[in-house]
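K.L.:
First, the structure itself, so that you have it in front of you.
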Amino acid sequence: MRPTARFMLSHPAHFISLGFGSGLSSWAPGTMGTLLAWLLYPLIRTPLSEFVFLALLASLFAAGILAAERTGRALGVPDHGGIVWDEMVATWLVLVFAPKTLLWQGIAVALFRFFDIVKPPPVRWADRSFKGGFGVMFDDLVAAGYTLLALAVLVSIFR
């Protein structure tokens with residue numbers, strides 16, 4: 001089943017898990033969700049301290065587990081491509097630790113998409129081992145970890 005705007009608006013969990021509509025994209029919904037997250041990042045990050053923002057991300061991760069579970073069940077596909085909240089939360093996590101310039105943020109976002117798509121071990125292991133809403137969210141968290149590691153290496157080389 002391909003989600004529609006009507007489906008997305010039928011329940012708050014669908015609206016969240018489909019990334020406020022970015023997951024409805026017929027072309028690369030995960031990338032669309034990631035780009036929307038990058039666009040929204042300054043709006044949600046600016047007024048909060050780092051500690052409060054990280055606590056918010058933990059809450060959004062937990063909400064994502066519930067939302068992805070419900071939406072996956074409704075769509076009949078536990079990790080449907082239109083579910084992009086996992087990409088959004090992981091992108092926000094990566095951006096917290098990325099250098100604050102637009103160039104470094106772009107590199108961080110590109111690295112995250114690379115690791116999320118390619119799924120090198122243990123991202124692939126996490127994707128296959130954990131199911132349901134937690135599985136949807138967790139493999140992107142592992143991909144974010146890879147991203148932060150690669151970003152740290154690149155920053156140490158080029159800064």
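In the structure tokens, chains take letters A, B, ... by order of appearance, with residues numbered from 1 within each chain and ligands from 1 in the order shown.
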Taking 2 positions as the minimum chain separation for residues in the same chain, which residues sit within 12 Å of Pro3 of chain A when counting only C-alpha atoms? Answer as a list in words.
P.N.:
Met1, Ala5, Arg6, Phe7, Met8, Leu9, Ser10, His14, Phe15, Ser17, Leu18, Gly19, Gly21, Ser22, Gly23, Leu24, Ser25, Ser26, Pro29, Thr71, Gly72, Ala74, Leu75, Gly76, Val77, His80, Gly81, Gly82 and Ile83 of chain A
K.L.:
Do a neighbour search on Gly133 of chain A at 7 Å with only C-alpha atoms, toss out local chain neighbours closer than 2 positions, and write the hits as a PyMOL selection string.
P.N.:
chain A and resi 65-66+68-69+131+135-137
K.L.:
How would the residues just picked look written out with N, CA and C atoms as a compact mmCIF listing (two decimals), in the first residue's frame?
P.N.:
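Writing the result to selection_10.txt gives the following:
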# COMPACT_ATOMS: atom_id res chain seq x y z
N ILE A 65 9.04 5.14 17.92
CA ILE A 65 8.82 3.70 18.05
C ILE A 65 7.32 3.41 17.98
N LEU A 66 6.54 4.16 18.75
CA LEU A 66 5.09 3.95 18.78
C LEU A 66 4.44 4.31 17.44
N ALA A 68 5.84 4.54 14.37
CA ALA A 68 6.25 3.64 13.29
C ALA A 68 5.57 2.29 13.42
N GLU A 69 5.42 1.82 14.64
CA GLU A 69 4.72 0.55 14.88
C GLU A 69 3.29 0.62 14.37
N LYS A 131 12.76 -5.80 15.07
CA LYS A 131 11.55 -5.62 14.26
C LYS A 131 10.62 -4.60 14.91
N GLY A 135 12.76 -1.51 15.76
CA GLY A 135 13.67 -1.84 14.66
C GLY A 135 13.76 -0.75 13.63
N VAL A 136 12.60 -0.14 13.32
CA VAL A 136 12.57 0.97 12.35
C VAL A 136 13.47 2.10 12.83
N MET A 137 13.36 2.42 14.12
CA MET A 137 14.12 3.56 14.66
C MET A 137 15.58 3.22 14.93
K.L.:
Could you pull the residues within 8 Å of Val142 of chain A, counting only C-alpha atoms, minus those fewer than 2 positions along the same chain, as a list in words?
P.N.:
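The residues satisfying every condition are Pro122, Val123, Ala126, Phe138, Asp139, Asp140, Ala144, Gly145 and Tyr146 of chain A.
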K.L.:
Let me see the file: selected residues, N, CA and C atoms, as a compact mmCIF listing (two decimals), in the first residue's frame.
P.N.:
# COMPACT_ATOMS: atom_id res chain seq x y z
N PRO A 122 27.49 -2.79 11.63
CA PRO A 122 26.32 -3.48 12.17
C PRO A 122 24.98 -2.82 11.85
N VAL A 123 24.92 -1.83 10.97
CA VAL A 123 23.63 -1.23 10.62
C VAL A 123 22.72 -2.30 10.01
N ALA A 126 21.44 -4.61 12.69
CA ALA A 126 20.37 -3.98 13.47
C ALA A 126 19.07 -3.97 12.67
N PHE A 138 15.86 2.00 15.38
CA PHE A 138 17.19 1.67 15.89
C PHE A 138 18.26 1.62 14.81
N ASP A 139 17.98 1.06 13.64
CA ASP A 139 19.03 0.96 12.63
C ASP A 139 19.49 2.34 12.17
N ASP A 140 18.60 3.32 12.20
CA ASP A 140 19.01 4.68 11.84
C ASP A 140 19.87 5.31 12.93
N ALA A 144 23.52 6.72 12.36
CA ALA A 144 23.93 8.03 12.89
C ALA A 144 25.26 7.90 13.63
N GLY A 145 25.44 6.79 14.35
CA GLY A 145 26.72 6.55 15.03
C GLY A 145 27.88 6.47 14.04
N TYR A 146 27.70 5.73 12.96
CA TYR A 146 28.70 5.66 11.90
C TYR A 146 29.00 7.05 11.35
K.L.:
Rank nothing, just name the residue among A:Val84, A:Val89, A:Val94, A:Leu102 nearest to Leu151 of chain A, using only C-alpha atoms.
P.N.:
A:Val94
